[in-house]
file protein.cif (mmCIF, C-alpha atoms)
data_data
loop_
_atom_site.group_PDB
_atom_site.id
_atom_site.type_symbol
_atom_site.label_atom_id
_atom_site.label_comp_id
_atom_site.auth_asym_id
_atom_site.auth_seq_id
_atom_site.Cartn_x
_atom_site.Cartn_y
_atom_site.Cartn_z
ATOM 1 C CA MET Z 404 28.740 5.194 1.482
ATOM 2 C CA LEU Z 405 27.167 3.885 -1.711
ATOM 3 C CA GLN Z 406 24.108 1.731 -1.131
ATOM 4 C CA LYS Z 407 22.540 -0.345 -3.892
ATOM 5 C CA PHE Z 408 18.817 0.146 -4.321
ATOM 6 C CA HIS Z 409 16.085 -1.208 -6.553
ATOM 7 C CA LYS Z 410 12.980 0.693 -7.595
ATOM 8 C CA TYR Z 411 9.638 -1.058 -8.146
ATOM 9 C CA HIS Z 412 6.067 0.076 -8.614
ATOM 10 C CA GLY Z 413 2.679 -1.506 -8.026
ATOM 11 C CA ALA Z 414 0.066 0.197 -10.213
ATOM 12 C CA GLY Z 415 2.069 3.431 -10.045
ATOM 13 C CA ASN Z 416 2.591 3.253 -6.271
ATOM 14 C CA ASP Z 417 6.414 3.375 -6.295
ATOM 15 C CA PHE Z 418 9.014 2.215 -3.799
ATOM 16 C CA VAL Z 419 12.756 2.027 -3.246
ATOM 17 C CA LEU Z 420 13.711 -1.464 -2.020
ATOM 18 C CA ILE Z 421 16.955 -2.308 -0.241
ATOM 19 C CA ASP Z 422 18.107 -5.850 0.552
ATOM 20 C CA ILE Z 423 19.827 -5.905 3.926
ATOM 21 C CA THR Z 424 19.475 -9.642 4.534
ATOM 22 C CA GLU Z 425 23.248 -10.051 4.093
ATOM 23 C CA ASN Z 426 24.272 -6.795 5.748
ATOM 24 C CA ASN Z 427 21.831 -5.811 8.461
ATOM 25 C CA ALA Z 428 24.398 -3.436 9.935
ATOM 26 C CA ILE Z 429 23.116 -0.869 7.430
ATOM 27 C CA LYS Z 430 21.253 1.812 9.358
ATOM 28 C CA LEU Z 431 19.249 4.437 7.502
ATOM 29 C CA THR Z 432 18.191 7.547 9.385
ATOM 30 C CA GLN Z 433 14.877 9.304 8.917
ATOM 31 C CA LYS Z 434 16.736 12.002 6.958
ATOM 32 C CA ASP Z 435 18.396 9.378 4.737
ATOM 33 C CA ILE Z 436 15.057 7.798 3.865
ATOM 34 C CA ALA Z 437 13.289 11.113 3.281
ATOM 35 C CA THR Z 438 16.126 12.230 0.987
ATOM 36 C CA ILE Z 439 16.122 8.981 -1.001
ATOM 37 C CA CYS Z 440 12.344 9.258 -1.493
ATOM 38 C CA HIS Z 441 12.415 12.955 -2.436
ATOM 39 C CA ARG Z 442 11.399 13.429 -6.058
ATOM 40 C CA ARG Z 443 13.775 16.371 -6.603
ATOM 41 C CA PHE Z 444 16.802 15.523 -4.481
ATOM 42 C CA GLY Z 445 16.712 11.728 -4.386
ATOM 43 C CA VAL Z 446 15.561 8.637 -6.246
ATOM 44 C CA GLY Z 447 11.913 9.546 -5.774
ATOM 45 C CA ALA Z 448 9.296 7.214 -4.282
ATOM 46 C CA ASP Z 449 6.162 6.987 -2.160
ATOM 47 C CA GLY Z 450 8.122 4.938 0.351
ATOM 48 C CA LEU Z 451 11.187 2.847 1.109
ATOM 49 C CA ILE Z 452 11.191 -0.856 1.984
ATOM 50 C CA THR Z 453 13.945 -2.937 3.536
ATOM 51 C CA LEU Z 454 14.077 -6.717 3.423
ATOM 52 C CA GLU Z 455 15.710 -8.236 6.483
ATOM 53 C CA PRO Z 456 16.292 -11.772 7.806
ATOM 54 C CA SER Z 457 13.366 -13.421 9.599
ATOM 55 C CA ASP Z 458 13.307 -16.347 12.017
ATOM 56 C CA ASN Z 459 9.810 -17.528 11.062
ATOM 57 C CA SER Z 460 9.407 -16.675 7.347
ATOM 58 C CA ASP Z 461 11.351 -16.065 4.139
ATOM 59 C CA PHE Z 462 12.076 -12.440 5.044
ATOM 60 C CA LYS Z 463 10.923 -9.471 7.078
ATOM 61 C CA MET Z 464 9.580 -6.381 5.336
ATOM 62 C CA THR Z 465 9.897 -2.974 6.990
ATOM 63 C CA TYR Z 466 8.087 -0.097 5.309
ATOM 64 C CA TYR Z 467 8.954 3.595 5.676
ATOM 65 C CA ASN Z 468 6.817 6.429 4.355
ATOM 66 C CA SER Z 469 8.466 9.064 2.198
ATOM 67 C CA ASP Z 470 8.704 11.327 5.265
ATOM 68 C CA GLY Z 471 11.288 8.868 6.602
ATOM 69 C CA LEU Z 472 9.177 7.464 9.431
ATOM 70 C CA GLU Z 473 8.285 3.791 9.730
ATOM 71 C CA GLY Z 474 4.755 3.237 8.532
ATOM 72 C CA THR Z 475 1.971 0.739 8.987
ATOM 73 C CA MET Z 476 1.256 -2.010 6.466
ATOM 74 C CA CYS Z 477 1.575 -1.123 2.793
ATOM 75 C CA GLY Z 478 -0.285 -3.418 0.404
ATOM 76 C CA ASN Z 479 1.350 -2.454 -2.879
ATOM 77 C CA GLY Z 480 4.683 -2.252 -1.075
ATOM 78 C CA GLY Z 481 4.150 -5.789 0.165
ATOM 79 C CA ARG Z 482 3.411 -6.969 -3.363
ATOM 80 C CA CYS Z 483 6.559 -5.256 -4.643
ATOM 81 C CA ALA Z 484 8.534 -6.902 -1.825
ATOM 82 C CA VAL Z 485 7.254 -10.325 -2.946
ATOM 83 C CA GLN Z 486 8.370 -9.667 -6.533
ATOM 84 C CA PHE Z 487 11.704 -8.248 -5.341
ATOM 85 C CA ALA Z 488 12.380 -11.276 -3.124
ATOM 86 C CA TYR Z 489 11.623 -13.576 -6.050
ATOM 87 C CA ASP Z 490 13.855 -11.585 -8.411
ATOM 88 C CA ARG Z 491 16.681 -11.741 -5.860
ATOM 89 C CA GLY Z 492 16.307 -15.492 -5.372
ATOM 90 C CA MET Z 493 15.313 -15.010 -1.733
ATOM 91 C CA ALA Z 494 11.914 -16.665 -2.184
ATOM 92 C CA GLY Z 495 9.939 -18.691 -4.693
ATOM 93 C CA LYS Z 496 6.712 -17.764 -6.406
ATOM 94 C CA LYS Z 497 4.983 -18.773 -3.167
ATOM 95 C CA THR Z 498 6.337 -17.015 -0.120
ATOM 96 C CA THR Z 499 5.572 -16.000 3.441
ATOM 97 C CA PHE Z 500 6.985 -12.854 5.009
ATOM 98 C CA ASP Z 501 6.736 -10.912 8.228
ATOM 99 C CA ALA Z 502 5.457 -7.318 8.352
ATOM 100 C CA VAL Z 503 4.419 -4.858 11.013
ATOM 101 C CA ASP Z 504 0.907 -6.337 11.202
ATOM 102 C CA GLY Z 505 1.984 -9.991 11.169
ATOM 103 C CA LEU Z 506 2.622 -12.726 8.621
ATOM 104 C CA HIS Z 507 1.552 -12.410 4.993
ATOM 105 C CA LYS Z 508 1.438 -14.875 2.138
ATOM 106 C CA GLY Z 509 2.533 -13.866 -1.344
ATOM 107 C CA LEU Z 510 1.960 -15.564 -4.679
ATOM 108 C CA ILE Z 511 3.225 -14.686 -8.164
ATOM 109 C CA THR Z 512 0.783 -16.107 -10.688
ATOM 110 C CA ASP Z 513 1.371 -17.408 -14.200
ATOM 111 C CA ASP Z 514 0.084 -14.111 -15.602
ATOM 112 C CA GLU Z 515 2.931 -12.408 -13.659
ATOM 113 C CA GLU Z 516 0.647 -10.573 -11.292
ATOM 114 C CA VAL Z 517 1.445 -10.548 -7.588
ATOM 115 C CA ASN Z 518 -1.084 -11.638 -4.982
ATOM 116 C CA LEU Z 519 -0.787 -10.598 -1.347
ATOM 117 C CA MET Z 520 -2.897 -12.065 1.451
ATOM 118 C CA MET Z 521 -4.070 -9.319 3.790
ATOM 119 C CA GLN Z 522 -5.181 -9.582 7.405
ATOM 120 C CA ASN Z 523 -8.840 -10.346 8.154
ATOM 121 C CA ILE Z 524 -11.225 -7.420 8.623
ATOM 122 C CA GLY Z 525 -13.984 -7.487 11.175
ATOM 123 C CA GLU Z 526 -14.938 -3.956 12.172
ATOM 124 C CA ILE Z 527 -16.331 -1.307 9.849
ATOM 125 C CA LYS Z 528 -17.367 1.939 11.519
ATOM 126 C CA ASN Z 529 -19.401 4.966 10.546
ATOM 127 C CA THR Z 530 -17.776 8.361 11.121
ATOM 128 C CA PRO Z 531 -19.098 11.904 10.574
ATOM 129 C CA PHE Z 532 -17.186 11.943 7.266
ATOM 130 C CA GLY Z 533 -17.559 8.472 5.791
ATOM 131 C CA MET Z 534 -16.849 4.859 6.707
ATOM 132 C CA PHE Z 535 -13.705 3.621 8.430
ATOM 133 C CA THR Z 536 -11.841 0.348 8.625
ATOM 134 C CA ASP Z 537 -8.303 -0.847 9.286
ATOM 135 C CA THR Z 538 -6.606 -3.043 6.694
ATOM 136 C CA GLY Z 539 -3.196 -2.965 8.358
ATOM 137 C CA SER Z 540 -3.393 0.810 7.901
ATOM 138 C CA PRO Z 541 -6.323 3.036 8.946
ATOM 139 C CA HIS Z 542 -8.593 4.158 6.105
ATOM 140 C CA LEU Z 543 -11.479 6.574 5.755
ATOM 141 C CA VAL Z 544 -13.613 5.785 2.687
ATOM 142 C CA ILE Z 545 -15.925 8.353 1.092
ATOM 143 C CA GLU Z 546 -18.185 7.858 -1.925
ATOM 144 C CA THR Z 547 -18.415 10.752 -4.383
ATOM 145 C CA GLU Z 548 -20.234 11.448 -7.641
ATOM 146 C CA ASN Z 549 -17.504 13.685 -9.061
ATOM 147 C CA LEU Z 550 -14.248 11.818 -8.545
ATOM 148 C CA GLN Z 551 -12.241 13.242 -11.437
ATOM 149 C CA LYS Z 552 -12.863 16.872 -10.500
ATOM 150 C CA LEU Z 553 -12.295 16.381 -6.779
ATOM 151 C CA ASP Z 554 -9.388 18.267 -5.180
ATOM 152 C CA VAL Z 555 -8.013 15.229 -3.365
ATOM 153 C CA LYS Z 556 -4.932 17.037 -2.041
ATOM 154 C CA THR Z 557 -6.916 19.798 -0.330
ATOM 155 C CA GLU Z 558 -9.895 17.776 0.851
ATOM 156 C CA GLY Z 559 -7.905 14.705 1.825
ATOM 157 C CA GLU Z 560 -5.343 16.686 3.777
ATOM 158 C CA LYS Z 561 -8.056 18.298 5.893
ATOM 159 C CA LEU Z 562 -9.524 14.955 6.920
ATOM 160 C CA ARG Z 563 -6.125 13.288 7.333
ATOM 161 C CA HIS Z 564 -5.396 15.788 10.142
ATOM 162 C CA ASP Z 565 -8.911 16.094 11.572
ATOM 163 C CA SER Z 566 -9.056 15.861 15.361
ATOM 164 C CA TYR Z 567 -11.543 12.970 15.044
ATOM 165 C CA PHE Z 568 -8.620 10.747 13.978
ATOM 166 C CA TYR Z 569 -6.135 12.134 16.518
ATOM 167 C CA PRO Z 570 -3.344 11.306 17.192
ATOM 168 C CA ASP Z 571 -2.366 8.994 14.330
ATOM 169 C CA GLY Z 572 -4.357 10.516 11.497
ATOM 170 C CA VAL Z 573 -5.936 8.553 8.669
ATOM 171 C CA ASN Z 574 -5.581 7.757 4.978
ATOM 172 C CA VAL Z 575 -8.452 9.172 2.928
ATOM 173 C CA ASN Z 576 -10.001 7.356 -0.040
ATOM 174 C CA TYR Z 577 -12.596 8.770 -2.424
ATOM 175 C CA TYR Z 578 -14.403 6.442 -4.790
ATOM 176 C CA GLN Z 579 -16.996 6.312 -7.540
ATOM 177 C CA ILE Z 580 -18.496 3.164 -9.064
ATOM 178 C CA ILE Z 581 -18.574 3.194 -12.872
ATOM 179 C CA ASP Z 582 -19.636 0.127 -14.887
ATOM 180 C CA ASN Z 583 -19.207 -2.161 -11.877
ATOM 181 C CA VAL Z 584 -15.622 -1.017 -11.285
ATOM 182 C CA ILE Z 585 -14.544 1.047 -8.284
ATOM 183 C CA HIS Z 586 -12.581 4.101 -9.375
ATOM 184 C CA ILE Z 587 -10.472 5.387 -6.512
ATOM 185 C CA ARG Z 588 -8.215 8.266 -5.505
ATOM 186 C CA THR Z 589 -6.282 8.277 -2.231
ATOM 187 C CA PHE Z 590 -4.541 10.829 -0.031
ATOM 188 C CA GLU Z 591 -1.891 8.959 1.956
ATOM 189 C CA ARG Z 592 -0.556 10.045 5.316
ATOM 190 C CA GLY Z 593 3.227 9.875 5.563
ATOM 191 C CA VAL Z 594 3.449 10.654 1.857
ATOM 192 C CA GLU Z 595 1.208 13.670 2.531
ATOM 193 C CA ALA Z 596 -0.024 13.677 -1.043
ATOM 194 C CA GLU Z 597 -2.260 11.837 -3.451
ATOM 195 C CA THR Z 598 -0.633 8.625 -4.640
ATOM 196 C CA TRP Z 599 -1.250 6.828 -7.923
ATOM 197 C CA ALA Z 600 -2.511 3.753 -6.092
ATOM 198 C CA CYS Z 601 -2.901 2.484 -2.544
ATOM 199 C CA GLY Z 602 -3.196 -1.233 -1.848
ATOM 200 C CA THR Z 603 -4.561 -1.114 1.693
ATOM 201 C CA GLY Z 604 -6.894 1.714 0.630
ATOM 202 C CA SER Z 605 -8.188 -0.308 -2.315
ATOM 203 C CA VAL Z 606 -8.881 -3.235 0.013
ATOM 204 C CA ALA Z 607 -10.679 -0.953 2.478
ATOM 205 C CA THR Z 608 -12.790 0.598 -0.271
ATOM 206 C CA ALA Z 609 -13.732 -2.735 -1.874
ATOM 207 C CA VAL Z 610 -14.733 -4.181 1.500
ATOM 208 C CA ILE Z 611 -16.801 -1.137 2.417
ATOM 209 C CA ALA Z 612 -18.526 -1.086 -0.989
ATOM 210 C CA HIS Z 613 -19.425 -4.748 -0.450
ATOM 211 C CA HIS Z 614 -20.565 -3.949 3.109
ATOM 212 C CA LYS Z 615 -22.879 -1.269 1.684
ATOM 213 C CA ARG Z 616 -24.266 -3.936 -0.698
ATOM 214 C CA GLN Z 617 -23.012 -2.105 -3.753
ATOM 215 C CA PHE Z 618 -21.397 -5.378 -4.862
ATOM 216 C CA ASP Z 619 -22.573 -8.956 -4.458
ATOM 217 C CA SER Z 620 -19.329 -10.377 -5.874
ATOM 218 C CA ASN Z 621 -16.377 -11.527 -3.790
ATOM 219 C CA SER Z 622 -13.945 -10.369 -6.497
ATOM 220 C CA ILE Z 623 -13.938 -6.616 -7.040
ATOM 221 C CA LYS Z 624 -12.005 -4.532 -9.576
ATOM 222 C CA VAL Z 625 -10.505 -1.272 -8.330
ATOM 223 C CA GLN Z 626 -9.169 1.252 -10.852
ATOM 224 C CA ALA Z 627 -6.511 3.578 -9.455
ATOM 225 C CA LEU Z 628 -4.706 6.341 -11.340
ATOM 226 C CA GLY Z 629 -1.765 4.030 -12.032
ATOM 227 C CA GLY Z 630 -3.500 0.751 -12.848
ATOM 228 C CA GLN Z 631 -6.100 -1.788 -11.872
ATOM 229 C CA LEU Z 632 -6.123 -3.958 -8.749
ATOM 230 C CA THR Z 633 -8.379 -6.873 -7.829
ATOM 231 C CA ILE Z 634 -9.581 -7.602 -4.302
ATOM 232 C CA SER Z 635 -11.068 -11.002 -3.467
ATOM 233 C CA PHE Z 636 -12.320 -12.359 -0.153
ATOM 234 C CA GLU Z 637 -14.656 -14.682 1.725
ATOM 235 C CA PHE Z 638 -17.372 -13.100 3.839
ATOM 236 C CA ASN Z 639 -18.610 -14.932 6.926
ATOM 237 C CA GLY Z 640 -19.654 -12.072 9.172
ATOM 238 C CA ARG Z 641 -16.162 -10.695 8.674
ATOM 239 C CA TYR Z 642 -13.842 -10.505 5.700
ATOM 240 C CA GLU Z 643 -11.401 -13.406 5.517
ATOM 241 C CA ASN Z 644 -9.035 -14.951 2.974
ATOM 242 C CA LEU Z 645 -8.497 -11.405 1.686
ATOM 243 C CA TRP Z 646 -6.215 -11.088 -1.342
ATOM 244 C CA LEU Z 647 -4.879 -8.022 -3.130
ATOM 245 C CA LYS Z 648 -3.813 -8.717 -6.719
ATOM 246 C CA GLY Z 649 -2.173 -6.559 -9.363
ATOM 247 C CA PRO Z 650 1.030 -5.691 -11.194
ATOM 248 C CA ALA Z 651 4.379 -5.283 -9.423
ATOM 249 C CA GLN Z 652 7.237 -4.383 -11.708
ATOM 250 C CA LYS Z 653 10.881 -3.449 -11.478
ATOM 251 C CA VAL Z 654 11.673 0.018 -12.824
ATOM 252 C CA PHE Z 655 15.459 0.260 -12.390
ATOM 253 C CA GLU Z 656 18.333 -0.251 -9.966
ATOM 254 C CA GLY Z 657 21.298 1.872 -9.013
ATOM 255 C CA TYR Z 658 23.408 3.231 -6.176
ATOM 256 C CA ASP Z 659 22.576 6.095 -3.855
ATOM 257 C CA PHE Z 660 25.085 7.941 -1.719
ATOM 258 C CA ILE Z 661 24.208 7.784 1.982
ATOM 259 C CA LYS Z 662 26.128 10.241 4.152
#
call {"tool": "encode", "arguments": {"input": "protein.cif", "output": "structure tokens"}}
result
Amino acid sequence: MLQKFHKYHGAGNDFVLIDITENNAIKLTQKDIATICHRRFGVGADGLITLEPSDNSDFKMTYYNSDGLEGTMCGNGGRCAVQFAYDRGMAGKKTTFDAVDGLHKGLITDDEEVNLMMQNIGEIKNTPFGMFTDTGSPHLVIETENLQKLDVKTEGEKLRHDSYFYPDGVNVNYYQIIDNVIHIRTFERGVEAETWACGTGSVATAVIAHHKRQFDSNSIKVQALGGQLTISFEFNGRYENLWLKGPAQKVFEGYDFIK
């Protein structure tokens, strides 16, 4: 059958979005999703997001990695879902939606950037490789002095599968601070590649840089390959009122054939 889709990106982190609020009988298999996300044989995306009816919010967001498996929370995907819901008339510029890690608030500002409230962060751990925290998805954060020349695919893939993080694996973020801006590159599990941006990874890296006292500000700029994100928060022994802000834009829409 033909299924209408919409493609959005958040700082180069790109997603296929499908509205099934009016037809939740649509069932996509892992193979369907992986094919749609394939950059040679499908639409091409880092992940696929469905918007479904919700009993306690404007909609429910379900995120699938490009391997076709349901993933954990996706920050840029959540921001794209907020913009998509607004574009579809499903929500206003202020919205609340349900995701795998609970309820999230979304806000589209007058400068047309999309804000997403993330879950609070309490625990930051040291590992043999770098620092770890969970921002709705698990993230390893490593500071480097040579970010641009780093082989993120090779090095990130090794750590993503390291037995220390068994059985679920981990997303791997490398960062370097230049002129008070965090420059970041991320290897994402489920995509199994470096992505142009990662929302939950940017939040994890900003929080850990603040934890290491590399920043005294509660509003931190993070420069990814595909654009700049801003992370703001309140710190009271843990990180609360956490917001991820940045661009979320529609690329195109079309129909894909689902067998």
call {"tool": "atom_distance", "arguments": {"input": "protein.cif", "atom1": "CA of Gln522 in chain Z", "atom2": "CA of Thr603 in chain Z"}}
result
10.2 Å
call {"tool": "resolve_selection", "arguments": {"input": "protein.cif", "expression": "the PyMOL selection byres ((chain Z and resi 586-598) around 9)", "output": "number ranges by chain"}}
result
Z: 415-417, 449-450, 467-474, 550-551, 555-556, 558-560, 563-564, 572-581, 584-585, 599-601, 604-605, 608, 624-629
call {"tool": "resolve_selection", "arguments": {"input": "protein.cif", "expression": "the PyMOL selection byres ((chain Z and resi 634) around 6)", "output": "list in words"}}
result
Ser622, Ile623, Thr633, Ser635, Trp646 and Leu647 of chain Z
call {"tool": "atom_distance", "arguments": {"input": "protein.cif", "atom1": "CA of Phe418 in chain Z", "atom2": "CA of Asp537 in chain Z"}}
result
21.9 Å
call {"tool": "axis_aligned_box", "arguments": {"input": "protein.cif", "around": "range 495-505 of chain Z", "padding_each_side": "4 Å", "output": "JSON"}}
result
{"center_x": 5.4, "center_y": -11.8, "center_z": 2.4, "size_x": 17.0, "size_y": 21.9, "size_z": 25.6}
call {"tool": "closest_residue", "arguments": {"input": "protein.cif", "among": "Z:Lys648, Z:Lys463, Z:Lys653, Z:His542", "to": "Asp514 in chain Z", "atoms": "all atoms listed in the file"}}
result
Z:Lys648
call {"tool": "atom_distance", "arguments": {"input": "protein.cif", "atom1": "CA of Glu526 in chain Z", "atom2": "CA of Leu645 in chain Z"}}
result
14.4 Å
call {"tool": "closest_residue", "arguments": {"input": "protein.cif", "among": "Z:Met464, Z:Ile611, Z:Gly525, Z:Phe655", "to": "Val544 in chain Z", "atoms": "all atoms listed in the file"}}
result
Z:Ile611
call {"tool": "resolve_selection", "arguments": {"input": "protein.cif", "expression": "the PyMOL selection byres ((chain Z and resi 425) around 12)", "output": "list in words"}}
result
Ile421, Asp422, Ile423, Thr424, Asn426, Asn427, Ala428, Ile429, Thr453, Leu454, Glu455, Pro456, Ser457, Phe462 and Met493 of chain Z
call {"tool": "residues_near_point", "arguments": {"input": "protein.cif", "point": "(6.5, -4.8, 3.4)", "cutoff": "7 Å", "atoms": "all atoms listed in the file", "output": "list in words"}}
result
Ile452, Met464, Thr465, Tyr466, Met476, Cys477, Gly480, Gly481, Ala484 and Ala502 of chain Z
call {"tool": "closest_residue", "arguments": {"input": "protein.cif", "among": "Z:Ala651, Z:Cys483, Z:Leu553, Z:Leu451", "to": "Ala437 in chain Z", "atoms": "all atoms listed in the file"}}
result
Z:Leu451
